[in-house]
file model21.cif (mmCIF, C-alpha atoms)
data_input
loop_
_atom_site.label_atom_id
_atom_site.label_comp_id
_atom_site.auth_asym_id
_atom_site.auth_seq_id
_atom_site.Cartn_x
_atom_site.Cartn_y
_atom_site.Cartn_z
CA MET A 1 -13.83 26.92 12.72
CA THR A 2 -16.75 25.11 11.10
CA LYS A 3 -16.73 21.52 9.92
CA GLU A 4 -16.82 22.84 6.36
CA ASP A 5 -13.67 24.87 7.10
CA THR A 6 -12.00 21.73 8.44
CA GLN A 7 -12.94 19.78 5.33
CA GLN A 8 -11.40 22.53 3.21
CA VAL A 9 -8.18 22.36 5.25
CA VAL A 10 -7.97 18.63 4.52
CA LEU A 11 -8.76 19.16 0.83
CA ASP A 12 -6.04 21.84 0.61
CA ILE A 13 -3.51 19.40 2.03
CA ILE A 14 -4.60 16.62 -0.32
CA ALA A 15 -4.30 19.06 -3.25
CA ASP A 16 -0.64 19.51 -2.32
CA VAL A 17 0.28 15.91 -1.51
CA ALA A 18 -1.62 14.49 -4.51
CA PRO A 19 -1.55 17.32 -7.06
CA ASP A 20 -2.86 15.15 -9.90
CA GLU A 21 -6.17 14.55 -8.19
CA ASP A 22 -9.28 16.52 -9.15
CA LEU A 23 -10.94 17.38 -5.85
CA THR A 24 -13.94 19.34 -7.07
CA ASN A 25 -16.53 16.63 -6.43
CA VAL A 26 -15.09 14.61 -3.57
CA LYS A 27 -17.97 13.12 -1.62
CA PRO A 28 -17.63 13.90 2.10
CA ASP A 29 -19.27 10.70 3.29
CA VAL A 30 -17.23 8.30 1.10
CA ARG A 31 -13.82 7.02 2.20
CA LEU A 32 -11.11 9.17 0.62
CA ARG A 33 -9.16 6.10 -0.47
CA ASP A 34 -12.25 4.78 -2.25
CA GLN A 35 -12.55 7.84 -4.49
CA LEU A 36 -8.98 9.10 -4.79
CA GLU A 37 -5.78 7.28 -5.65
CA LEU A 38 -4.34 7.85 -2.17
CA ASP A 39 -1.95 5.26 -0.78
CA SER A 40 -0.27 4.82 2.60
CA MET A 41 2.47 7.33 1.78
CA ASP A 42 -0.07 9.99 0.79
CA PHE A 43 -1.91 9.31 4.00
CA LEU A 44 1.21 9.81 6.12
CA ASP A 45 1.89 13.01 4.15
CA ILE A 46 -1.54 14.28 5.22
CA VAL A 47 -0.76 13.48 8.86
CA MET A 48 2.60 15.27 8.57
CA GLU A 49 1.07 18.34 6.95
CA LEU A 50 -1.57 18.62 9.69
CA ARG A 51 1.28 18.80 12.17
CA LYS A 52 3.45 21.19 10.14
CA ARG A 53 0.74 23.60 9.02
CA HIS A 54 -1.67 23.46 11.95
CA ASN A 55 0.25 21.98 14.88
CA ILE A 56 -2.21 19.10 15.11
CA GLU A 57 -0.84 15.72 16.10
CA VAL A 58 -2.79 12.65 15.00
CA PRO A 59 -1.71 9.60 16.98
CA GLU A 60 -1.48 6.29 15.14
CA ALA A 61 -4.54 4.89 16.92
CA ASP A 62 -6.66 7.72 15.50
CA TYR A 63 -5.72 7.27 11.82
CA PRO A 64 -9.08 5.60 11.06
CA GLN A 65 -10.75 8.90 12.05
CA LEU A 66 -9.31 10.43 8.88
CA ALA A 67 -11.02 7.99 6.52
CA SER A 68 -13.51 10.44 4.94
CA LEU A 69 -13.97 14.21 4.84
CA ASP A 70 -16.93 13.87 7.22
CA SER A 71 -14.94 11.84 9.74
CA CYS A 72 -11.98 14.24 9.37
CA ALA A 73 -14.30 17.14 10.22
CA GLU A 74 -15.74 15.32 13.24
CA TYR A 75 -12.29 14.46 14.54
CA LEU A 76 -10.26 17.55 13.65
CA THR A 77 -12.70 20.42 14.26
CA PRO A 78 -12.52 20.12 18.09
CA LYS A 79 -8.73 20.03 17.80
CA PHE A 80 -8.74 23.26 15.78
CA GLU A 81 -11.12 24.81 18.32
CA ALA A 82 -8.83 23.76 21.17
CA LEU A 83 -6.05 25.69 19.41
CA GLY A 84 -8.30 28.75 19.25
CA LYS A 85 -8.88 28.48 15.53
CA MET B 1 8.60 -28.85 3.27
CA VAL B 2 11.60 -27.78 5.35
CA ASN B 3 14.13 -28.09 2.54
CA SER B 4 11.98 -27.78 -0.54
CA PRO B 5 11.95 -24.22 -1.89
CA LEU B 6 8.74 -22.26 -1.57
CA GLU B 7 7.80 -21.25 -5.10
CA VAL B 8 6.46 -17.72 -5.35
CA ASP B 9 5.03 -16.40 -8.60
CA LEU B 10 5.43 -12.71 -9.27
CA TRP B 11 3.55 -11.18 -12.18
CA TRP B 12 4.40 -7.80 -13.67
CA VAL B 13 1.34 -6.20 -15.24
CA PRO B 14 1.46 -3.12 -17.51
CA LEU B 15 -1.39 -0.75 -16.65
CA SER B 16 -1.90 0.72 -20.08
CA ALA B 17 -4.40 -0.59 -22.59
CA ASP B 18 -6.52 0.53 -25.52
CA ARG B 19 -10.23 1.15 -25.10
CA ALA B 20 -11.23 -2.37 -26.17
CA ALA B 21 -8.88 -4.01 -23.68
CA GLN B 22 -10.04 -1.62 -20.99
CA THR B 23 -13.67 -2.54 -21.68
CA ALA B 24 -12.84 -6.23 -21.67
CA ALA B 25 -11.07 -5.82 -18.32
CA TRP B 26 -14.09 -4.00 -16.89
CA HIS B 27 -16.30 -6.98 -17.73
CA GLN B 28 -14.00 -9.30 -15.78
CA LEU B 29 -14.82 -7.48 -12.54
CA ASP B 30 -17.71 -8.22 -10.23
CA ALA B 31 -20.35 -5.64 -9.29
CA GLY B 32 -18.48 -4.57 -6.14
CA GLU B 33 -15.25 -3.97 -8.02
CA GLN B 34 -17.08 -2.10 -10.77
CA ALA B 35 -18.75 0.11 -8.16
CA ARG B 36 -15.38 0.72 -6.52
CA ALA B 37 -13.86 1.61 -9.91
CA ALA B 38 -16.75 3.94 -10.70
CA ARG B 39 -16.08 5.93 -7.51
CA PHE B 40 -12.65 7.00 -8.76
CA HIS B 41 -12.57 10.61 -9.70
CA PHE B 42 -10.07 10.43 -12.51
CA ALA B 43 -10.25 8.14 -15.54
CA ALA B 44 -6.55 7.29 -15.18
CA ASP B 45 -7.05 6.08 -11.60
CA ARG B 46 -10.12 4.11 -12.63
CA ASN B 47 -8.32 2.51 -15.58
CA HIS B 48 -5.38 1.47 -13.40
CA TYR B 49 -7.69 -0.08 -10.86
CA VAL B 50 -9.70 -1.94 -13.51
CA LEU B 51 -6.65 -3.32 -15.34
CA ALA B 52 -4.86 -4.34 -12.14
CA HIS B 53 -7.87 -6.13 -10.67
CA ALA B 54 -8.81 -7.81 -13.95
CA ALA B 55 -5.22 -9.07 -14.19
CA LEU B 56 -5.41 -10.35 -10.62
CA ARG B 57 -8.58 -12.27 -11.44
CA ALA B 58 -6.98 -13.67 -14.59
CA VAL B 59 -3.82 -14.79 -12.79
CA LEU B 60 -5.78 -16.40 -9.93
CA GLY B 61 -8.29 -17.97 -12.32
CA ASN B 62 -5.46 -19.42 -14.36
CA CYS B 63 -3.86 -20.84 -11.23
CA LEU B 64 -7.11 -22.37 -9.98
CA THR B 65 -8.39 -23.35 -13.45
CA ARG B 66 -11.48 -21.32 -12.80
CA ASP B 67 -13.32 -18.66 -14.77
CA PRO B 68 -11.83 -15.41 -13.43
CA ARG B 69 -15.27 -13.83 -13.35
CA ASP B 70 -16.54 -16.47 -10.91
CA LEU B 71 -13.95 -15.76 -8.24
CA ARG B 72 -15.28 -14.19 -5.08
CA PHE B 73 -13.19 -12.16 -2.65
CA ALA B 74 -13.53 -11.21 0.97
CA ALA B 75 -11.45 -8.81 3.06
CA GLY B 76 -9.63 -9.30 6.35
CA PRO B 77 -10.08 -6.96 9.33
CA ALA B 78 -7.65 -4.37 7.89
CA GLY B 79 -8.96 -4.77 4.36
CA LYS B 80 -6.49 -7.32 2.92
CA PRO B 81 -8.37 -9.26 0.23
CA HIS B 82 -8.45 -13.03 0.14
CA LEU B 83 -10.41 -15.59 -1.83
CA ALA B 84 -13.81 -16.40 -0.36
CA GLU B 85 -13.68 -19.86 -1.85
CA PRO B 86 -13.86 -22.61 0.76
CA ALA B 87 -13.52 -25.30 -1.90
CA ALA B 88 -10.48 -23.72 -3.58
CA PRO B 89 -6.95 -24.76 -2.69
CA ARG B 90 -5.18 -22.45 -0.31
CA LEU B 91 -3.80 -19.60 -2.37
CA HIS B 92 -2.11 -16.55 -0.91
CA PHE B 93 -1.84 -13.45 -3.06
CA ASN B 94 -1.25 -9.74 -2.91
CA LEU B 95 -1.40 -6.86 -5.39
CA SER B 96 0.35 -3.51 -5.54
CA HIS B 97 0.34 -0.89 -8.23
CA ALA B 98 2.19 2.34 -8.88
CA GLY B 99 2.65 4.49 -11.94
CA ASP B 100 1.79 2.42 -15.00
CA CYS B 101 2.71 -0.91 -13.46
CA ALA B 102 1.23 -3.51 -11.11
CA LEU B 103 2.85 -6.38 -9.27
CA ILE B 104 0.98 -9.51 -8.22
CA GLY B 105 2.54 -12.05 -5.87
CA LEU B 106 1.08 -15.47 -5.13
CA ASN B 107 1.96 -18.83 -3.67
CA THR B 108 0.21 -21.80 -2.13
CA HIS B 109 1.86 -21.84 1.28
CA ALA B 110 2.51 -18.55 3.01
CA PRO B 111 0.76 -15.23 3.58
CA ILE B 112 2.39 -12.76 1.20
CA GLY B 113 2.69 -9.00 0.83
CA VAL B 114 4.11 -7.14 -2.14
CA ASP B 115 4.76 -3.45 -2.55
CA LEU B 116 5.67 -1.45 -5.61
CA GLU B 117 6.61 2.22 -5.74
CA ALA B 118 7.62 4.56 -8.56
CA THR B 119 10.96 6.01 -7.49
CA THR B 120 10.29 9.17 -9.47
CA ARG B 121 7.56 10.01 -6.98
CA GLN B 122 8.11 13.30 -5.16
CA VAL B 123 8.23 12.55 -1.44
CA GLU B 124 9.49 14.29 1.64
CA ALA B 125 11.59 11.27 2.48
CA ALA B 126 13.53 12.77 5.37
CA ASP B 127 10.32 13.90 7.08
CA ILE B 128 8.68 10.51 6.66
CA VAL B 129 11.76 8.75 8.02
CA GLU B 130 11.98 11.07 11.04
CA ARG B 131 8.29 10.87 11.82
CA PHE B 132 7.34 7.30 11.02
CA PHE B 133 10.40 5.06 10.92
CA ALA B 134 11.93 3.19 13.86
CA PRO B 135 14.82 4.82 15.77
CA ALA B 136 17.26 2.18 14.50
CA GLU B 137 16.16 2.88 10.92
CA ARG B 138 16.61 6.62 11.44
CA GLU B 139 20.19 5.94 12.56
CA VAL B 140 20.88 3.94 9.40
CA TRP B 141 19.23 6.65 7.29
CA ARG B 142 21.48 9.38 8.69
CA ARG B 143 24.59 7.45 7.63
CA ILE B 144 23.50 7.04 4.00
CA PRO B 145 25.29 9.44 1.62
CA GLN B 146 22.97 12.14 0.29
CA PRO B 147 22.94 10.96 -3.37
CA ASP B 148 21.71 7.54 -2.24
CA THR B 149 18.97 8.61 0.16
CA GLN B 150 16.08 8.57 -2.31
CA ALA B 151 16.82 5.02 -3.44
CA ALA B 152 17.36 3.93 0.16
CA PHE B 153 14.06 5.47 1.19
CA PHE B 154 12.09 3.54 -1.43
CA ARG B 155 13.89 0.32 -0.49
CA ALA B 156 12.89 0.86 3.14
CA TRP B 157 9.36 1.88 2.31
CA THR B 158 8.59 -1.05 0.00
CA ARG B 159 10.03 -3.53 2.52
CA LYS B 160 8.02 -2.06 5.38
CA GLU B 161 4.85 -1.96 3.31
CA ALA B 162 5.33 -5.50 2.03
CA TYR B 163 5.79 -6.71 5.61
CA VAL B 164 2.62 -5.09 6.96
CA LYS B 165 0.73 -6.29 3.89
CA ALA B 166 1.93 -9.85 4.47
CA ARG B 167 0.68 -9.54 8.04
CA GLY B 168 -2.63 -8.11 6.82
CA ASP B 169 -2.36 -5.25 9.33
CA GLY B 170 -2.17 -2.24 7.00
CA LEU B 171 -1.53 1.07 8.74
CA GLY B 172 -2.58 -0.55 12.01
CA HIS B 173 0.93 -1.99 12.44
CA ASP B 174 2.92 0.99 13.69
CA ALA B 175 5.79 1.51 11.24
CA SER B 176 7.96 3.10 13.91
CA ARG B 177 7.99 -0.07 15.99
CA PHE B 178 9.56 -2.51 13.56
CA VAL B 179 12.90 -2.43 11.78
CA VAL B 180 13.91 -3.58 8.29
CA THR B 181 17.29 -3.47 6.61
CA PHE B 182 17.56 -1.09 3.67
CA ALA B 183 21.17 0.16 3.42
CA GLU B 184 21.86 -2.43 0.72
CA ALA B 185 19.85 -3.27 -2.37
CA GLY B 186 20.65 -6.96 -2.65
CA SER B 187 19.33 -8.39 0.60
CA ALA B 188 16.52 -7.61 3.00
CA ARG B 189 15.62 -8.71 6.50
CA LEU B 190 13.13 -7.94 9.22
CA VAL B 191 15.40 -7.14 12.15
CA ALA B 192 12.95 -6.55 14.99
CA ASP B 193 9.31 -5.93 15.74
CA GLU B 194 8.33 -4.56 19.16
CA ILE B 195 4.68 -5.47 18.61
CA ASP B 196 5.43 -9.05 17.56
CA PRO B 197 8.92 -9.94 18.84
CA GLN B 198 8.84 -13.40 17.24
CA ALA B 199 8.13 -11.97 13.78
CA PRO B 200 11.78 -11.83 12.59
CA ALA B 201 11.91 -15.62 12.97
CA ARG B 202 8.64 -16.03 11.06
CA PHE B 203 8.86 -13.53 8.20
CA GLN B 204 11.18 -13.26 5.24
CA LEU B 205 11.76 -10.10 3.18
CA ILE B 206 12.90 -10.33 -0.42
CA PRO B 207 13.96 -7.49 -2.73
CA VAL B 208 12.20 -7.90 -6.08
CA PRO B 209 14.04 -6.96 -9.28
CA ALA B 210 11.94 -4.13 -10.71
CA PRO B 211 11.84 -2.20 -14.00
CA SER B 212 13.80 1.02 -14.16
CA GLY B 213 12.05 3.75 -12.19
CA TYR B 214 10.45 1.33 -9.75
CA GLU B 215 11.34 -0.32 -6.44
CA ALA B 216 9.59 -3.47 -5.23
CA ALA B 217 9.71 -5.89 -2.32
CA CYS B 218 8.00 -9.08 -1.24
CA ALA B 219 7.37 -10.37 2.29
CA LEU B 220 6.43 -13.92 3.16
CA GLN B 221 5.37 -15.52 6.39
CA VAL B 222 8.11 -18.16 6.28
CA PRO B 223 11.30 -18.32 8.38
CA PRO B 224 14.19 -16.29 6.95
CA HIS B 225 16.31 -19.39 6.33
CA HIS B 226 13.60 -21.16 4.32
CA PRO B 227 14.57 -21.40 0.64
CA VAL B 228 12.35 -19.38 -1.69
CA LYS B 229 12.28 -19.55 -5.46
CA LEU B 230 10.93 -16.46 -7.18
CA LYS B 231 9.34 -17.10 -10.57
CA ILE B 232 8.93 -13.81 -12.37
CA HIS B 233 6.46 -13.46 -15.22
CA SER B 234 4.97 -10.74 -17.38
CA TRP B 235 1.23 -10.48 -17.86
CA PRO B 236 -0.40 -11.28 -20.23
#

call {"tool": "encode", "arguments": {"input": "model21.cif", "output": "structure tokens"}}
result
Amino acid sequence: MTKEDTQQVVLDIIADVAPDEDLTNVKPDVRLRDQLELDSMDFLDIVMELRKRHNIEVPEADYPQLASLDSCAEYLTPKFEALGK
Amino acid sequence: MVNSPLEVDLWWVPLSADRAAQTAAWHQLDAGEQARAARFHFAADRNHYVLAHAALRAVLGNCLTRDPRDLRFAAGPAGKPHLAEPAAPRLHFNLSHAGDCALIGLNTHAPIGVDLEATTRQVEAADIVERFFAPAEREVWRRIPQPDTQAAFFRAWTRKEAYVKARGDGLGHDASRFVVTFAEAGSARLVADEIDPQAPARFQLIPVPAPSGYEAACALQVPPHHPVKLKIHSWP
């Protein structure tokens, strides 16, 4: 799984938890909450969906790693690889 | 101070405006806020942000008898904004917005958090409760009759959010390690906090009467027995 694939996984989840958002030009290096109207509940939804859809647990201490698409890719890609994806 | 009520001003702000009012609100913001607004993808998100933050400046400026455009803000470690005005009187404030509404809370004595949610929002409440709420809260949740669970969820959520916002911790304060009451609408209390066991003696939770379709709560860093007088206003 490439980092681009991981970013798409995150975007797919955001598209479901925040269906009103237009995700076509989300900047990967900018904090998601600075460019989308995501609040704490949306953020927890993303964490839950990572667990439900991909069996990836994100512990509380690691939440800051999900700030931007780039940081999501850095943090989640090794987890996907560890699951053989 | 012990017996005098703490006066807390709560301002309801409608987040809809015509183009002229939107433009006027934009010009109230500083360069950092304008840059933040410009990063929003959708015009509706941008407009909500602009109107809410212009209203915050106006309310604070009115309180301090200052030009709202001159106010400068700084952020705490978890991002909670505060006034970067050493010469200004101590003023605690917090802002929340949801749907087409914003809520601003302020007072001169105690750190404050407010949270506002649209109760029409589609959420997987049971999943959030099971995954992120404290065990004692999950027990309470399971006893709530099914027709009341959605309302109970938003009561719990707004109280928990208001508490962590009053603390200035944001998502860094693990929501599964502190307990709020939420079975009843009329009263609210922080019951326990594993991370800060003294917090229930130092923080007060208050349900805020909200417009239909919304749930709101306020948290203050004052002991639960301290009298508080809410003064509710509409902006402008």

call {"tool": "resolve_selection", "arguments": {"input": "model21.cif", "expression": "the PyMOL selection byres ((chain B) within 6 of (chain A))", "output": "list in words"}}
result
Arg39, Phe40 and His41 of chain B

call {"tool": "resolve_selection", "arguments": {"input": "model21.cif", "expression": "the PyMOL selection byres ((chain A and resi 1-14) around 7)", "output": "PDB file with C-alpha atoms, in the coordinates of the input"}}
result
ATOM      1  CA  ALA A  15      -4.300  19.060  -3.250  1.00  0.00           C
ATOM      2  CA  ASP A  16      -0.640  19.510  -2.320  1.00  0.00           C
ATOM      3  CA  VAL A  17       0.280  15.910  -1.510  1.00  0.00           C
ATOM      4  CA  ALA A  18      -1.620  14.490  -4.510  1.00  0.00           C
ATOM      5  CA  ILE A  46      -1.540  14.280   5.220  1.00  0.00           C
ATOM      6  CA  GLU A  49       1.070  18.340   6.950  1.00  0.00           C
ATOM      7  CA  LEU A  69     -13.970  14.210   4.840  1.00  0.00           C
ATOM      8  CA  CYS A  72     -11.980  14.240   9.370  1.00  0.00           C
ATOM      9  CA  ALA A  73     -14.300  17.140  10.220  1.00  0.00           C
ATOM     10  CA  LEU A  76     -10.260  17.550  13.650  1.00  0.00           C
ATOM     11  CA  THR A  77     -12.700  20.420  14.260  1.00  0.00           C
ATOM     12  CA  PHE A  80      -8.740  23.260  15.780  1.00  0.00           C
ATOM     13  CA  GLU A  81     -11.120  24.810  18.320  1.00  0.00           C
ATOM     14  CA  LYS A  85      -8.880  28.480  15.530  1.00  0.00           C
TER      15      LYS A  85
END

call {"tool": "residues_around", "arguments": {"input": "model21.cif", "residues": "segment 130-145 of chain B", "least_positions_apart": "2", "cutoff": "6 Å", "atoms": "all atoms listed in the file", "output": "tab-separated table (two decimals) with C-alpha atoms, in the frame of the given file"}}
result
chain	number	residue	atom	x	y	z
B	127	ASP	CA	10.32	13.90	7.08
B	128	ILE	CA	8.68	10.51	6.66
B	147	PRO	CA	22.94	10.96	-3.37
B	148	ASP	CA	21.71	7.54	-2.24
B	175	ALA	CA	5.79	1.51	11.24
B	176	SER	CA	7.96	3.10	13.91
B	177	ARG	CA	7.99	-0.07	15.99

call {"tool": "residues_around", "arguments": {"input": "model21.cif", "residues": "Tyr214 of chain B", "least_positions_apart": "5", "cutoff": "6 Å", "atoms": "all atoms listed in the file", "output": "JSON, numbers by chain"}}
result
{"B": [117, 118, 119]}

call {"tool": "resolve_selection", "arguments": {"input": "model21.cif", "expression": "the PyMOL selection byres ((chain B and resi 90) around 12)", "output": "PDB file with C-alpha atoms, in the coordinates of the input"}}
result
ATOM      1  CA  LEU B  60      -5.780 -16.400  -9.930  1.00  0.00           C
ATOM      2  CA  CYS B  63      -3.860 -20.840 -11.230  1.00  0.00           C
ATOM      3  CA  LEU B  64      -7.110 -22.370  -9.980  1.00  0.00           C
ATOM      4  CA  HIS B  82      -8.450 -13.030   0.140  1.00  0.00           C
ATOM      5  CA  LEU B  83     -10.410 -15.590  -1.830  1.00  0.00           C
ATOM      6  CA  ALA B  84     -13.810 -16.400  -0.360  1.00  0.00           C
ATOM      7  CA  GLU B  85     -13.680 -19.860  -1.850  1.00  0.00           C
ATOM      8  CA  PRO B  86     -13.860 -22.610   0.760  1.00  0.00           C
ATOM      9  CA  ALA B  87     -13.520 -25.300  -1.900  1.00  0.00           C
ATOM     10  CA  ALA B  88     -10.480 -23.720  -3.580  1.00  0.00           C
ATOM     11  CA  PRO B  89      -6.950 -24.760  -2.690  1.00  0.00           C
ATOM     12  CA  LEU B  91      -3.800 -19.600  -2.370  1.00  0.00           C
ATOM     13  CA  HIS B  92      -2.110 -16.550  -0.910  1.00  0.00           C
ATOM     14  CA  PHE B  93      -1.840 -13.450  -3.060  1.00  0.00           C
ATOM     15  CA  LEU B 106       1.080 -15.470  -5.130  1.00  0.00           C
ATOM     16  CA  ASN B 107       1.960 -18.830  -3.670  1.00  0.00           C
ATOM     17  CA  THR B 108       0.210 -21.800  -2.130  1.00  0.00           C
ATOM     18  CA  HIS B 109       1.860 -21.840   1.280  1.00  0.00           C
ATOM     19  CA  ALA B 110       2.510 -18.550   3.010  1.00  0.00           C
ATOM     20  CA  PRO B 111       0.760 -15.230   3.580  1.00  0.00           C
TER      21      PRO B 111
END

call {"tool": "atom_distance", "arguments": {"input": "model21.cif", "atom1": "atom CA of His53 of chain B", "atom2": "atom CA of Val164 of chain B"}}
result
20.5 Å

call {"tool": "atom_distance", "arguments": {"input": "model21.cif", "atom1": "atom CA of Ser16 of chain B", "atom2": "atom CA of Leu51 of chain B"}}
result
7.8 Å

call {"tool": "closest_residue", "arguments": {"input": "model21.cif", "among": "B:Ala25, B:Ala166, B:Ala17, B:Val50", "to": "Ala37 of chain B", "atoms": "only C-alpha atoms"}}
result
B:Val50

call {"tool": "decode", "arguments": {"input": "model21.cif", "residues": "segment 97-105 of chain B", "atoms": "all heavy atoms", "output": "compact mmCIF listing (two decimals), in the first residue's frame"}}
result
# COMPACT_ATOMS: atom_id res chain seq x y z
N HIS B 97 -19.68 26.56 17.33
CA HIS B 97 -20.74 26.74 16.36
C HIS B 97 -21.14 25.42 15.72
O HIS B 97 -20.35 24.48 15.64
CB HIS B 97 -20.41 27.82 15.32
CG HIS B 97 -19.30 27.49 14.39
ND1 HIS B 97 -19.49 26.93 13.16
CD2 HIS B 97 -17.98 27.67 14.50
CE1 HIS B 97 -18.34 26.79 12.56
NE2 HIS B 97 -17.39 27.21 13.36
N ALA B 98 -22.40 25.36 15.32
CA ALA B 98 -22.96 24.16 14.71
C ALA B 98 -24.15 24.59 13.88
O ALA B 98 -24.87 25.52 14.26
CB ALA B 98 -23.40 23.17 15.78
N GLY B 99 -24.36 23.92 12.75
CA GLY B 99 -25.48 24.32 11.91
C GLY B 99 -25.37 25.79 11.57
O GLY B 99 -24.31 26.29 11.20
N ASP B 100 -26.46 26.51 11.73
CA ASP B 100 -26.49 27.94 11.41
C ASP B 100 -26.46 28.81 12.66
O ASP B 100 -27.02 29.90 12.70
CB ASP B 100 -27.76 28.27 10.61
CG ASP B 100 -27.71 27.67 9.23
OD1 ASP B 100 -26.61 27.61 8.65
OD2 ASP B 100 -28.77 27.25 8.72
N CYS B 101 -25.80 28.33 13.69
CA CYS B 101 -25.83 29.00 14.98
C CYS B 101 -24.46 28.96 15.64
O CYS B 101 -23.73 27.99 15.46
CB CYS B 101 -26.80 28.21 15.86
SG CYS B 101 -27.93 29.18 16.78
N ALA B 102 -24.13 30.01 16.39
CA ALA B 102 -22.92 29.98 17.21
C ALA B 102 -23.29 30.37 18.63
O ALA B 102 -24.30 31.05 18.86
CB ALA B 102 -21.86 30.93 16.66
N LEU B 103 -22.49 29.92 19.56
CA LEU B 103 -22.68 30.27 20.97
C LEU B 103 -21.34 30.77 21.52
O LEU B 103 -20.32 30.10 21.36
CB LEU B 103 -23.14 29.03 21.76
CG LEU B 103 -23.31 29.19 23.27
CD1 LEU B 103 -24.40 30.20 23.60
CD2 LEU B 103 -23.62 27.84 23.92
N ILE B 104 -21.39 31.96 22.11
CA ILE B 104 -20.21 32.55 22.73
C ILE B 104 -20.47 32.65 24.23
O ILE B 104 -21.52 33.13 24.65
CB ILE B 104 -19.92 33.96 22.17
CG1 ILE B 104 -19.57 33.89 20.68
CG2 ILE B 104 -18.81 34.65 22.96
CD1 ILE B 104 -19.59 35.24 19.98
N GLY B 105 -19.54 32.18 25.03
CA GLY B 105 -19.64 32.32 26.49
C GLY B 105 -18.49 33.16 26.99
O GLY B 105 -17.35 33.00 26.51
